[in-house]
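Here's data-v3.json, which has JSON, C-alpha atoms:
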[["chain", "number", "residue", "atom", "x", "y", "z"],
["Q", 1, "MET", "CA", -35.57, -23.73, -18.59],
["Q", 2, "ASN", "CA", -32.37, -23.13, -16.71],
["Q", 3, "LYS", "CA", -33.68, -22.43, -13.23],
["Q", 4, "LYS", "CA", -31.41, -21.00, -10.58],
["Q", 5, "PRO", "CA", -31.37, -23.45, -7.66],
["Q", 6, "THR", "CA", -32.20, -22.29, -4.17],
["Q", 7, "HIS", "CA", -29.62, -23.94, -2.02],
["Q", 8, "THR", "CA", -27.05, -23.52, 0.66],
["Q", 9, "GLY", "CA", -24.45, -24.42, -1.90],
["Q", 10, "ARG", "CA", -22.92, -27.51, -0.36],
["Q", 11, "ASP", "CA", -24.16, -29.93, -3.03],
["Q", 12, "GLU", "CA", -22.68, -27.77, -5.79],
["Q", 13, "LEU", "CA", -19.18, -28.40, -4.50],
["Q", 14, "ASP", "CA", -19.32, -32.16, -4.99],
["Q", 15, "TRP", "CA", -16.91, -31.91, -7.90],
["Q", 16, "VAL", "CA", -14.29, -30.08, -5.80],
["Q", 17, "SER", "CA", -11.95, -32.32, -3.85],
["Q", 18, "PRO", "CA", -12.76, -32.15, -0.11],
["Q", 19, "GLU", "CA", -9.01, -32.30, 0.55],
["Q", 20, "LEU", "CA", -8.49, -29.13, -1.46],
["Q", 21, "ILE", "CA", -11.24, -27.35, 0.48],
["Q", 22, "SER", "CA", -9.94, -28.46, 3.87],
["Q", 23, "SER", "CA", -6.34, -27.59, 2.90],
["Q", 24, "LEU", "CA", -7.40, -24.11, 1.81],
["Q", 25, "ARG", "CA", -9.30, -23.55, 5.06],
["Q", 26, "GLU", "CA", -6.41, -24.82, 7.14],
["Q", 27, "LEU", "CA", -4.00, -22.61, 5.21],
["Q", 28, "VAL", "CA", -6.04, -19.47, 5.87],
["Q", 29, "SER", "CA", -6.61, -20.40, 9.50],
["Q", 30, "VAL", "CA", -2.85, -20.85, 10.10],
["Q", 31, "GLU", "CA", -1.97, -17.67, 8.21],
["Q", 32, "ARG", "CA", -4.55, -15.69, 10.08],
["Q", 33, "ASP", "CA", -3.33, -16.90, 13.46],
["Q", 34, "MET", "CA", 0.21, -16.05, 12.40],
["Q", 35, "THR", "CA", -0.49, -12.49, 11.29],
["Q", 36, "LEU", "CA", -3.59, -11.13, 12.99],
["Q", 37, "SER", "CA", -2.69, -9.34, 16.20],
["Q", 38, "SER", "CA", -4.29, -10.26, 19.49],
["Q", 39, "MET", "CA", -7.42, -8.43, 20.66],
["Q", 40, "PRO", "CA", -8.33, -7.43, 17.10],
["Q", 41, "THR", "CA", -11.69, -5.98, 18.12],
["Q", 42, "ASP", "CA", -10.08, -3.56, 20.57],
["Q", 43, "ARG", "CA", -7.57, -2.46, 17.96],
["Q", 44, "VAL", "CA", -10.28, -2.00, 15.38],
["Q", 45, "MET", "CA", -12.42, 0.03, 17.79],
["Q", 46, "ARG", "CA", -9.49, 2.30, 18.60],
["Q", 47, "ALA", "CA", -8.82, 2.79, 14.88],
["Q", 48, "VAL", "CA", -12.50, 3.50, 14.19],
["Q", 49, "ARG", "CA", -12.58, 6.06, 17.02],
["Q", 50, "ARG", "CA", -9.41, 7.73, 15.75],
["Q", 51, "ALA", "CA", -10.75, 7.83, 12.20],
["Q", 52, "ALA", "CA", -14.09, 9.26, 13.32],
["Q", 53, "MET", "CA", -12.36, 11.94, 15.40],
["Q", 54, "SER", "CA", -9.94, 12.96, 12.68],
["Q", 55, "ARG", "CA", -12.76, 13.04, 10.17],
["Q", 56, "SER", "CA", -15.03, 15.20, 12.32],
["Q", 57, "SER", "CA", -12.15, 17.49, 13.27],
["Q", 58, "ALA", "CA", -11.29, 17.84, 9.58],
["Q", 59, "GLU", "CA", -14.89, 18.74, 8.81],
["Q", 60, "ASP", "CA", -14.95, 21.23, 11.69],
["Q", 61, "TRP", "CA", -11.73, 22.79, 10.49],
["Q", 62, "LEU", "CA", -13.07, 23.07, 6.95],
["Q", 63, "SER", "CA", -16.33, 24.69, 8.03],
["Q", 64, "ILE", "CA", -14.52, 27.16, 10.32],
["Q", 65, "GLU", "CA", -12.14, 28.06, 7.52],
["Q", 66, "LEU", "CA", -14.99, 28.51, 5.05],
["Q", 67, "LEU", "CA", -16.93, 30.69, 7.51],
["Q", 68, "SER", "CA", -13.90, 32.81, 8.27],
["Q", 69, "TRP", "CA", -13.41, 33.40, 4.56],
["Q", 70, "PHE", "CA", -17.08, 33.87, 3.80],
["Q", 71, "ARG", "CA", -17.85, 36.60, 6.39],
["Q", 72, "PRO", "CA", -15.43, 39.31, 5.18],
["Q", 73, "VAL", "CA", -16.13, 38.45, 1.53],
["Q", 74, "PHE", "CA", -19.86, 38.78, 2.19],
["Q", 75, "ALA", "CA", -19.43, 42.08, 4.07],
["Q", 76, "VAL", "CA", -17.25, 43.60, 1.34],
["Q", 77, "GLY", "CA", -19.68, 42.36, -1.33],
["Q", 78, "VAL", "CA", -22.65, 44.00, 0.43],
["Q", 79, "LEU", "CA", -20.67, 47.24, 0.82],
["Q", 80, "ILE", "CA", -19.76, 47.32, -2.88],
["Q", 81, "VAL", "CA", -23.37, 46.73, -3.93],
["Q", 82, "ALA", "CA", -24.59, 49.49, -1.55],
["Q", 83, "LEU", "CA", -21.98, 51.96, -2.85],
["Q", 84, "LEU", "CA", -22.83, 51.13, -6.45],
["Q", 85, "ALA", "CA", -26.53, 51.60, -5.77],
["Q", 86, "ALA", "CA", -25.89, 54.93, -4.01],
["Q", 87, "TYR", "CA", -23.70, 56.11, -6.90],
["Q", 88, "ASN", "CA", -26.30, 55.12, -9.51],
["Q", 89, "PHE", "CA", -29.00, 56.79, -7.48],
["Q", 90, "GLN", "CA", -26.99, 60.03, -7.24],
["Q", 91, "VAL", "CA", -26.13, 60.07, -10.95],
["Q", 92, "SER", "CA", -29.71, 59.33, -11.99],
["Q", 93, "LYS", "CA", -31.05, 62.18, -9.84],
["Q", 94, "ASP", "CA", -29.05, 64.66, -11.87],
["Q", 95, "SER", "CA", -30.52, 63.43, -15.12],
["Q", 96, "ASP", "CA", -33.25, 65.49, -16.83],
["Q", 97, "LEU", "CA", -35.61, 62.57, -17.19],
["Q", 98, "ASN", "CA", -37.35, 60.97, -14.27],
["Q", 99, "PRO", "CA", -36.37, 57.34, -14.05],
["Q", 100, "THR", "CA", -38.04, 55.02, -11.59],
["Q", 101, "THR", "CA", -36.35, 54.17, -8.28],
["Q", 102, "THR", "CA", -35.36, 50.73, -9.60],
["Q", 103, "GLU", "CA", -33.77, 52.30, -12.66],
["Q", 104, "ARG", "CA", -31.93, 54.71, -10.42],
["Q", 105, "VAL", "CA", -30.58, 52.01, -8.11],
["Q", 106, "LEU", "CA", -29.53, 49.76, -10.95],
["Q", 107, "GLY", "CA", -28.10, 52.63, -12.96],
["Q", 108, "LEU", "CA", -30.24, 51.93, -16.02],
["Q", 109, "HIS", "CA", -30.66, 54.56, -18.64],
["Q", 110, "PRO", "CA", -34.26, 55.65, -19.09],
["Q", 111, "VAL", "CA", -35.71, 54.11, -22.17],
["Q", 112, "THR", "CA", -38.06, 56.32, -24.10],
["Q", 113, "VAL", "CA", -39.66, 55.89, -27.46],
["Q", 114, "VAL", "CA", -37.52, 58.74, -28.81],
["Q", 115, "ALA", "CA", -34.32, 57.22, -27.42],
["Q", 116, "ALA", "CA", -35.26, 53.77, -28.77],
["Q", 117, "TYR", "CA", -35.73, 55.11, -32.33],
["Q", 118, "ASP", "CA", -32.83, 57.54, -32.14],
["Q", 119, "LEU", "CA", -30.62, 55.54, -34.42],
["Q", 120, "GLU", "CA", -27.02, 56.56, -34.80],
["Q", 121, "PHE", "CA", -24.73, 55.15, -37.41],
["Q", 122, "ASP", "CA", -21.22, 56.11, -36.48],
["Q", 123, "GLY", "CA", -18.97, 56.78, -39.48],
["Q", 124, "HIS", "CA", -21.79, 56.79, -42.07],
["A", 1, "MET", "CA", -23.45, -6.63, 27.26],
["A", 2, "LYS", "CA", -26.97, -5.69, 26.24],
["A", 3, "HIS", "CA", -26.31, -5.92, 22.48],
["A", 4, "ARG", "CA", -25.02, -9.50, 22.36],
["A", 5, "GLN", "CA", -28.38, -10.96, 21.34],
["A", 6, "SER", "CA", -29.57, -7.96, 19.34],
["A", 7, "THR", "CA", -30.70, -8.29, 15.76],
["A", 8, "GLU", "CA", -28.74, -6.85, 12.86],
["A", 9, "GLU", "CA", -31.26, -4.06, 12.34],
["A", 10, "SER", "CA", -31.26, -2.91, 15.94],
["A", 11, "LEU", "CA", -27.46, -3.06, 16.09],
["A", 12, "ILE", "CA", -27.21, -0.89, 12.99],
["A", 13, "ALA", "CA", -29.79, 1.56, 14.34],
["A", 14, "ASP", "CA", -27.98, 1.79, 17.69],
["A", 15, "ALA", "CA", -24.58, 2.17, 16.02],
["A", 16, "LEU", "CA", -25.95, 4.93, 13.80],
["A", 17, "GLY", "CA", -27.30, 6.61, 16.93],
["A", 18, "GLY", "CA", -23.75, 6.79, 18.25],
["A", 19, "ASP", "CA", -23.77, 3.69, 20.47],
["A", 20, "GLU", "CA", -20.17, 2.50, 20.33],
["A", 21, "ASN", "CA", -20.96, -0.81, 22.04],
["A", 22, "ALA", "CA", -23.40, -1.69, 19.27],
["A", 23, "PHE", "CA", -20.69, -1.18, 16.67],
["A", 24, "ARG", "CA", -18.27, -3.20, 18.81],
["A", 25, "VAL", "CA", -20.73, -6.12, 18.69],
["A", 26, "ILE", "CA", -20.90, -5.78, 14.89],
["A", 27, "VAL", "CA", -17.09, -5.85, 14.72],
["A", 28, "ASP", "CA", -16.99, -8.87, 17.02],
["A", 29, "ARG", "CA", -19.66, -10.65, 15.02],
["A", 30, "TYR", "CA", -17.94, -10.23, 11.65],
["A", 31, "MET", "CA", -14.27, -10.23, 12.67],
["A", 32, "ASP", "CA", -13.82, -13.88, 11.69],
["A", 33, "GLU", "CA", -15.39, -13.47, 8.26],
["A", 34, "VAL", "CA", -13.44, -10.29, 7.50],
["A", 35, "SER", "CA", -10.08, -11.60, 8.70],
["A", 36, "ARG", "CA", -10.54, -14.92, 6.90],
["A", 37, "THR", "CA", -11.52, -13.22, 3.65],
["A", 38, "VAL", "CA", -8.66, -10.71, 3.81],
["A", 39, "THR", "CA", -6.12, -13.41, 4.72],
["A", 40, "GLY", "CA", -7.46, -15.68, 1.96],
["A", 41, "MET", "CA", -6.97, -12.92, -0.57],
["A", 42, "LEU", "CA", -3.62, -11.58, 0.61],
["A", 43, "GLY", "CA", -1.94, -14.43, 2.46],
["A", 44, "ALA", "CA", 0.08, -13.97, 5.62],
["A", 45, "GLY", "CA", 1.54, -10.50, 5.57],
["A", 46, "PRO", "CA", 2.03, -7.35, 7.58],
["A", 47, "GLU", "CA", -0.82, -5.54, 5.88],
["A", 48, "ILE", "CA", -3.55, -7.92, 7.09],
["A", 49, "ASP", "CA", -4.15, -5.97, 10.32],
["A", 50, "ASP", "CA", -4.35, -2.67, 8.45],
["A", 51, "VAL", "CA", -6.72, -3.99, 5.80],
["A", 52, "VAL", "CA", -9.02, -5.51, 8.44],
["A", 53, "GLN", "CA", -9.08, -2.17, 10.24],
["A", 54, "GLU", "CA", -9.78, -0.30, 7.01],
["A", 55, "VAL", "CA", -12.74, -2.58, 6.32],
["A", 56, "PHE", "CA", -14.35, -1.77, 9.65],
["A", 57, "ILE", "CA", -13.53, 1.95, 9.41],
["A", 58, "LYS", "CA", -15.24, 1.98, 6.02],
["A", 59, "LEU", "CA", -18.18, 0.04, 7.44],
["A", 60, "HIS", "CA", -18.49, 2.58, 10.27],
["A", 61, "ARG", "CA", -18.55, 5.44, 7.76],
["A", 62, "SER", "CA", -20.97, 3.85, 5.35],
["A", 63, "LEU", "CA", -23.36, 2.22, 7.79],
["A", 64, "SER", "CA", -25.89, 4.98, 7.14],
["A", 65, "SER", "CA", -25.98, 4.06, 3.45],
["A", 66, "PHE", "CA", -26.61, 0.37, 4.12],
["A", 67, "ARG", "CA", -30.08, -0.19, 2.67],
["A", 68, "GLY", "CA", -30.51, -3.81, 3.68],
["A", 69, "ASP", "CA", -30.75, -5.16, 0.11],
["A", 70, "SER", "CA", -28.37, -7.91, 1.17],
["A", 71, "SER", "CA", -27.37, -9.15, 4.60],
["A", 72, "LEU", "CA", -24.85, -7.16, 6.61],
["A", 73, "LYS", "CA", -22.52, -10.15, 6.34],
["A", 74, "THR", "CA", -22.55, -9.97, 2.54],
["A", 75, "TYR", "CA", -22.08, -6.19, 2.72],
["A", 76, "VAL", "CA", -19.07, -6.54, 5.02],
["A", 77, "ILE", "CA", -17.54, -9.32, 2.93],
["A", 78, "ARG", "CA", -17.91, -7.21, -0.21],
["A", 79, "MET", "CA", -15.96, -4.44, 1.53],
["A", 80, "SER", "CA", -13.32, -6.97, 2.60],
["A", 81, "ILE", "CA", -12.88, -8.14, -0.99],
["A", 82, "ASN", "CA", -12.69, -4.57, -2.31],
["A", 83, "LYS", "CA", -10.13, -3.54, 0.30],
["A", 84, "SER", "CA", -8.12, -6.71, -0.39],
["A", 85, "LEU", "CA", -8.15, -5.96, -4.11],
["A", 86, "ASP", "CA", -6.91, -2.44, -3.33],
["A", 87, "ALA", "CA", -4.09, -3.95, -1.26],
["A", 88, "LEU", "CA", -3.23, -6.38, -4.07],
["A", 89, "ARG", "CA", -3.06, -3.52, -6.58],
["A", 90, "LYS", "CA", -0.84, -1.59, -4.19],
["A", 91, "ARG", "CA", 1.35, -4.65, -3.78],
["A", 92, "LYS", "CA", 1.67, -4.99, -7.56],
["A", 93, "ARG", "CA", 2.60, -1.31, -7.88],
["A", 94, "MET", "CA", 5.27, -1.75, -5.23],
["A", 95, "ARG", "CA", 6.61, -4.77, -7.08],
["A", 96, "TRP", "CA", 6.90, -2.72, -10.28],
["A", 97, "MET", "CA", 8.78, -0.04, -8.42],
["A", 98, "GLN", "CA", 11.28, -2.53, -7.02],
["A", 99, "PRO", "CA", 14.54, -3.11, -8.87],
["A", 100, "PHE", "CA", 14.43, -6.38, -10.78],
["A", 101, "GLY", "CA", 16.84, -8.16, -8.47],
["A", 102, "LEU", "CA", 14.74, -7.45, -5.39],
["A", 103, "ALA", "CA", 11.44, -8.72, -6.77],
["A", 104, "ASP", "CA", 9.79, -11.52, -4.83],
["A", 105, "GLU", "CA", 11.07, -14.89, -5.78],
["A", 106, "ARG", "CA", 8.34, -17.30, -6.66],
["A", 107, "GLU", "CA", 7.93, -20.57, -4.89],
["A", 108, "PRO", "CA", 9.18, -23.54, -6.86],
["A", 109, "GLU", "CA", 6.56, -25.61, -8.59],
["A", 110, "ALA", "CA", 5.25, -28.55, -6.61],
["A", 111, "SER", "CA", 6.31, -30.96, -9.30],
["A", 112, "GLU", "CA", 9.94, -29.89, -8.79],
["A", 113, "ARG", "CA", 9.95, -31.36, -5.31],
["A", 114, "SER", "CA", 9.69, -34.85, -3.98],
["A", 115, "ASP", "CA", 6.94, -35.88, -1.57],
["A", 116, "GLN", "CA", 9.43, -36.42, 1.22],
["A", 117, "GLU", "CA", 10.57, -32.83, 1.00],
["A", 118, "LEU", "CA", 7.10, -31.52, 1.57],
["A", 119, "ASP", "CA", 6.39, -31.17, 5.23],
["A", 120, "GLU", "CA", 3.31, -29.36, 6.46],
["A", 121, "SER", "CA", 4.85, -25.92, 6.18],
["A", 122, "ASP", "CA", 6.08, -26.59, 2.66],
["A", 123, "ARG", "CA", 2.71, -27.86, 1.59],
["A", 124, "ARG", "CA", 1.12, -24.68, 2.85],
["A", 125, "LYS", "CA", 3.69, -22.56, 1.02],
["A", 126, "VAL", "CA", 3.05, -24.41, -2.22],
["A", 127, "LEU", "CA", -0.70, -24.03, -1.79],
["A", 128, "ARG", "CA", -0.35, -20.33, -1.01],
["A", 129, "ALA", "CA", 1.84, -19.79, -4.04],
["A", 130, "ALA", "CA", -0.80, -21.51, -6.17],
["A", 131, "VAL", "CA", -3.57, -19.34, -4.71],
["A", 132, "ASP", "CA", -1.45, -16.21, -5.22],
["A", 133, "ARG", "CA", -1.01, -17.08, -8.88],
["A", 134, "LEU", "CA", -4.76, -17.14, -9.45],
["A", 135, "PRO", "CA", -6.12, -14.07, -11.21],
["A", 136, "ASP", "CA", -7.71, -11.71, -8.67],
["A", 137, "LYS", "CA", -11.28, -12.35, -9.86],
["A", 138, "GLN", "CA", -10.93, -16.14, -9.65],
["A", 139, "ARG", "CA", -9.17, -15.84, -6.31],
["A", 140, "ALA", "CA", -12.06, -13.81, -4.88],
["A", 141, "VAL", "CA", -14.55, -16.51, -5.92],
["A", 142, "VAL", "CA", -12.36, -19.33, -4.57],
["A", 143, "VAL", "CA", -11.94, -17.51, -1.25],
["A", 144, "LEU", "CA", -15.62, -16.78, -0.79],
["A", 145, "ARG", "CA", -16.95, -20.06, -2.10],
["A", 146, "LEU", "CA", -14.42, -22.60, -0.80],
["A", 147, "ILE", "CA", -12.85, -20.92, 2.22],
["A", 148, "GLU", "CA", -15.62, -18.66, 3.47],
["A", 149, "ASP", "CA", -18.25, -21.23, 2.50],
["A", 150, "LEU", "CA", -20.69, -18.69, 1.06],
["A", 151, "SER", "CA", -23.31, -20.07, -1.28],
["A", 152, "THR", "CA", -23.07, -19.29, -4.99],
["A", 153, "GLU", "CA", -25.94, -16.82, -4.57],
["A", 154, "GLU", "CA", -24.24, -15.05, -1.66],
["A", 155, "THR", "CA", -20.95, -14.99, -3.56],
["A", 156, "SER", "CA", -22.71, -13.48, -6.55],
["A", 157, "GLN", "CA", -24.25, -10.78, -4.31],
["A", 158, "ALA", "CA", -20.99, -10.07, -2.50],
["A", 159, "LEU", "CA", -19.02, -9.65, -5.72],
["A", 160, "GLY", "CA", -21.83, -8.05, -7.69],
["A", 161, "ILE", "CA", -21.50, -10.54, -10.55],
["A", 162, "PRO", "CA", -24.05, -12.90, -12.15],
["A", 163, "TYR", "CA", -24.65, -16.36, -10.71],
["A", 164, "GLY", "CA", -23.26, -18.11, -13.78],
["A", 165, "THR", "CA", -20.07, -16.04, -13.66],
["A", 166, "VAL", "CA", -19.43, -17.24, -10.11],
["A", 167, "LEU", "CA", -19.72, -20.84, -11.29],
["A", 168, "SER", "CA", -17.45, -20.37, -14.29],
["A", 169, "ARG", "CA", -14.81, -18.48, -12.30],
["A", 170, "LEU", "CA", -14.91, -21.13, -9.60],
["A", 171, "LYS", "CA", -14.49, -23.89, -12.17],
["A", 172, "ARG", "CA", -11.57, -22.14, -13.83],
["A", 173, "GLY", "CA", -10.01, -21.28, -10.48],
["A", 174, "VAL", "CA", -10.18, -24.84, -9.17],
["A", 175, "GLU", "CA", -8.83, -26.22, -12.46],
["A", 176, "ARG", "CA", -5.97, -23.80, -12.31],
["A", 177, "LEU", "CA", -5.24, -24.68, -8.68],
["A", 178, "LYS", "CA", -5.17, -28.37, -9.58],
["A", 179, "ASN", "CA", -2.78, -27.70, -12.44],
["A", 180, "GLU", "CA", -0.55, -25.54, -10.28],
["A", 181, "LEU", "CA", -0.45, -28.14, -7.54],
["A", 182, "GLY", "CA", 0.37, -30.92, -9.92],
["A", 183, "ASP", "CA", -0.56, -34.25, -8.45],
["A", 184, "ALA", "CA", -3.09, -33.14, -5.86],
["A", 185, "GLY", "CA", -2.85, -36.43, -4.08],
["A", 186, "SER", "CA", 0.75, -35.84, -3.12],
["A", 187, "LEU", "CA", 0.06, -32.34, -1.87],
["A", 188, "LEU", "CA", -3.28, -32.46, -0.15]]

What would you get if you wrote out this structure as structure tokens?
Amino acid sequence: MNKKPTHTGRDELDWVSPELISSLRELVSVERDMTLSSMPTDRVMRAVRRAAMSRSSAEDWLSIELLSWFRPVFAVGVLIVALLAAYNFQVSKDSDLNPTTTERVLGLHPVTVVAAYDLEFDGH
Amino acid sequence: MKHRQSTEESLIADALGGDENAFRVIVDRYMDEVSRTVTGMLGAGPEIDDVVQEVFIKLHRSLSSFRGDSSLKTYVIRMSINKSLDALRKRKRMRWMQPFGLADEREPEASERSDQELDESDRRKVLRAAVDRLPDKQRAVVVLRLIEDLSTEETSQALGIPYGTVLSRLKRGVERLKNELGDAGSLL
């Protein structure tokens, strides 16, 4: 059975030339010293702070914008529903039949057995 | 600083609670690993600083989703590799957008030069050119396994690939490096 070894990995690199490994490490060490700015932690912390602030301010801005749009839309929506309900109620009151309050508010036509079986075939 | 000796878990908990010093200790603790990994992948270049910063900004944002399945070190190194791969893709896009005449000129092959010509700086350039010519996936394994000295298991976790794939990519990567470098004895 091909069992996965538990290891730190050093022994597995026996076949790789130690010179190659040390040259690679030296290369990266030199390149890093050449390019990485001094005080990297301070720079990173400043960048993290800036990113966190811009992110939270973007979220704040978005929520404020959404709220400012939502409030008038909600108010107008409620007004339209109330007007529609009042209109339906008024129209239903004038009808000969006596619909329920729900039917009046929703503007539903009263359904009766006669109305249900009152079939009309236009044009026939 | 009170966090210097703190465990990974308590540092993460404190950082998530808004303790900036705790996150600073995390940055300090993994700065070497991140900068080595990013430099190994990209080579010396102006974008190293930015990529290192991006890694830690991403870590700061995603700390809450760290579940502890692997060590924080592996988690951070995975982010470093991903950000480096993003930078490499960006670099390739930029190269495509350049007019042909302005494209980067490749380093001459090692075999084209005599040993005397190769001083330390030249040797490093030749080695870097060879590393840069590795396919991204092999380069990531070579960087983590040979430069960062992660175990095969850790490398497999960091890259999210099977154990055997790490070994085969490492083998192919090292073979390719040897071929690129020609007579390794004269270069290394």

Once you count all atoms listed in the file, which residues of chain Q turn out to be within 9 Å of chain A? Could you give them as a PDB file with C-alpha atoms, in the frame of the given file?
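Done, and the output landed in part.pdb:
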ATOM      1  CA  LYS Q   4     -31.410 -21.000 -10.580  1.00  0.00           C
ATOM      2  CA  THR Q   6     -32.200 -22.290  -4.170  1.00  0.00           C
ATOM      3  CA  HIS Q   7     -29.620 -23.940  -2.020  1.00  0.00           C
ATOM      4  CA  THR Q   8     -27.050 -23.520   0.660  1.00  0.00           C
ATOM      5  CA  GLY Q   9     -24.450 -24.420  -1.900  1.00  0.00           C
ATOM      6  CA  ARG Q  10     -22.920 -27.510  -0.360  1.00  0.00           C
ATOM      7  CA  GLU Q  12     -22.680 -27.770  -5.790  1.00  0.00           C
ATOM      8  CA  LEU Q  13     -19.180 -28.400  -4.500  1.00  0.00           C
ATOM      9  CA  VAL Q  16     -14.290 -30.080  -5.800  1.00  0.00           C
ATOM     10  CA  GLU Q  19      -9.010 -32.300   0.550  1.00  0.00           C
ATOM     11  CA  LEU Q  20      -8.490 -29.130  -1.460  1.00  0.00           C
ATOM     12  CA  ILE Q  21     -11.240 -27.350   0.480  1.00  0.00           C
ATOM     13  CA  SER Q  22      -9.940 -28.460   3.870  1.00  0.00           C
ATOM     14  CA  SER Q  23      -6.340 -27.590   2.900  1.00  0.00           C
ATOM     15  CA  LEU Q  24      -7.400 -24.110   1.810  1.00  0.00           C
ATOM     16  CA  ARG Q  25      -9.300 -23.550   5.060  1.00  0.00           C
ATOM     17  CA  GLU Q  26      -6.410 -24.820   7.140  1.00  0.00           C
ATOM     18  CA  LEU Q  27      -4.000 -22.610   5.210  1.00  0.00           C
ATOM     19  CA  VAL Q  28      -6.040 -19.470   5.870  1.00  0.00           C
ATOM     20  CA  SER Q  29      -6.610 -20.400   9.500  1.00  0.00           C
ATOM     21  CA  VAL Q  30      -2.850 -20.850  10.100  1.00  0.00           C
ATOM     22  CA  GLU Q  31      -1.970 -17.670   8.210  1.00  0.00           C
ATOM     23  CA  ARG Q  32      -4.550 -15.690  10.080  1.00  0.00           C
ATOM     24  CA  MET Q  34       0.210 -16.050  12.400  1.00  0.00           C
ATOM     25  CA  THR Q  35      -0.490 -12.490  11.290  1.00  0.00           C
ATOM     26  CA  LEU Q  36      -3.590 -11.130  12.990  1.00  0.00           C
ATOM     27  CA  SER Q  37      -2.690  -9.340  16.200  1.00  0.00           C
ATOM     28  CA  PRO Q  40      -8.330  -7.430  17.100  1.00  0.00           C
ATOM     29  CA  THR Q  41     -11.690  -5.980  18.120  1.00  0.00           C
ATOM     30  CA  ASP Q  42     -10.080  -3.560  20.570  1.00  0.00           C
ATOM     31  CA  ARG Q  43      -7.570  -2.460  17.960  1.00  0.00           C
ATOM     32  CA  VAL Q  44     -10.280  -2.000  15.380  1.00  0.00           C
ATOM     33  CA  MET Q  45     -12.420   0.030  17.790  1.00  0.00           C
ATOM     34  CA  ALA Q  47      -8.820   2.790  14.880  1.00  0.00           C
ATOM     35  CA  VAL Q  48     -12.500   3.500  14.190  1.00  0.00           C
ATOM     36  CA  ARG Q  49     -12.580   6.060  17.020  1.00  0.00           C
ATOM     37  CA  ALA Q  51     -10.750   7.830  12.200  1.00  0.00           C
ATOM     38  CA  ALA Q  52     -14.090   9.260  13.320  1.00  0.00           C
TER      39      ALA Q  52
END

Work out where the centre of an axis-aligned box around every listed atom of range 65-78 of chain Q lies and how long its edges are once 8 Å is added on each side; give both in Å to one decimal as JSON.
{"center_x": -17.4, "center_y": 36.0, "center_z": 3.5, "size_x": 26.5, "size_y": 31.9, "size_z": 25.6}

Given all atoms listed in the file as the counted atoms, nearest of A:Val76, A:Val126, A:Leu88, A:Ile81 to Ala140 in chain A: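 Closest residue, counting all atoms listed in the file: A:Ile81.
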
Interatomic distance (Å, one decimal) between CA of Trp61 in chain Q and CA of Val73 in chain Q: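 Separation of CA of Trp61 in chain Q and CA of Val73 in chain Q: 18.6 Å.
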
CA of Thr74 in chain A to CA of Gln157 in chain A, distance in Å rounded to a single decimal: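 Computing the Euclidean distance for CA of Thr74 in chain A and CA of Gln157 in chain A yields 7.1 Å.
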
Just the residues within 8 Å of range 133-136 of chain A, please, counting only C-alpha atoms, with nothing from its chain fewer than 2 positions along; format it as a compact mmCIF listing (two decimals) with C-alpha atoms, in the frame of the given file.
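This went into out-v4.txt:
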# COMPACT_ATOMS: atom_id res chain seq x y z
CA LEU A 85 -8.15 -5.96 -4.11
CA ALA A 129 1.84 -19.79 -4.04
CA ALA A 130 -0.80 -21.51 -6.17
CA VAL A 131 -3.57 -19.34 -4.71
CA GLN A 138 -10.93 -16.14 -9.65
CA ARG A 139 -9.17 -15.84 -6.31
CA ALA A 140 -12.06 -13.81 -4.88
CA GLY A 173 -10.01 -21.28 -10.48
CA ARG A 176 -5.97 -23.80 -12.31
CA LEU A 177 -5.24 -24.68 -8.68

Between CA of Asp60 in chain Q and CA of Val78 in chain Q - distance in Å to one decimal: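 Interatomic distance, CA of Val78 in chain Q to CA of Asp60 in chain Q: 26.5 Å.
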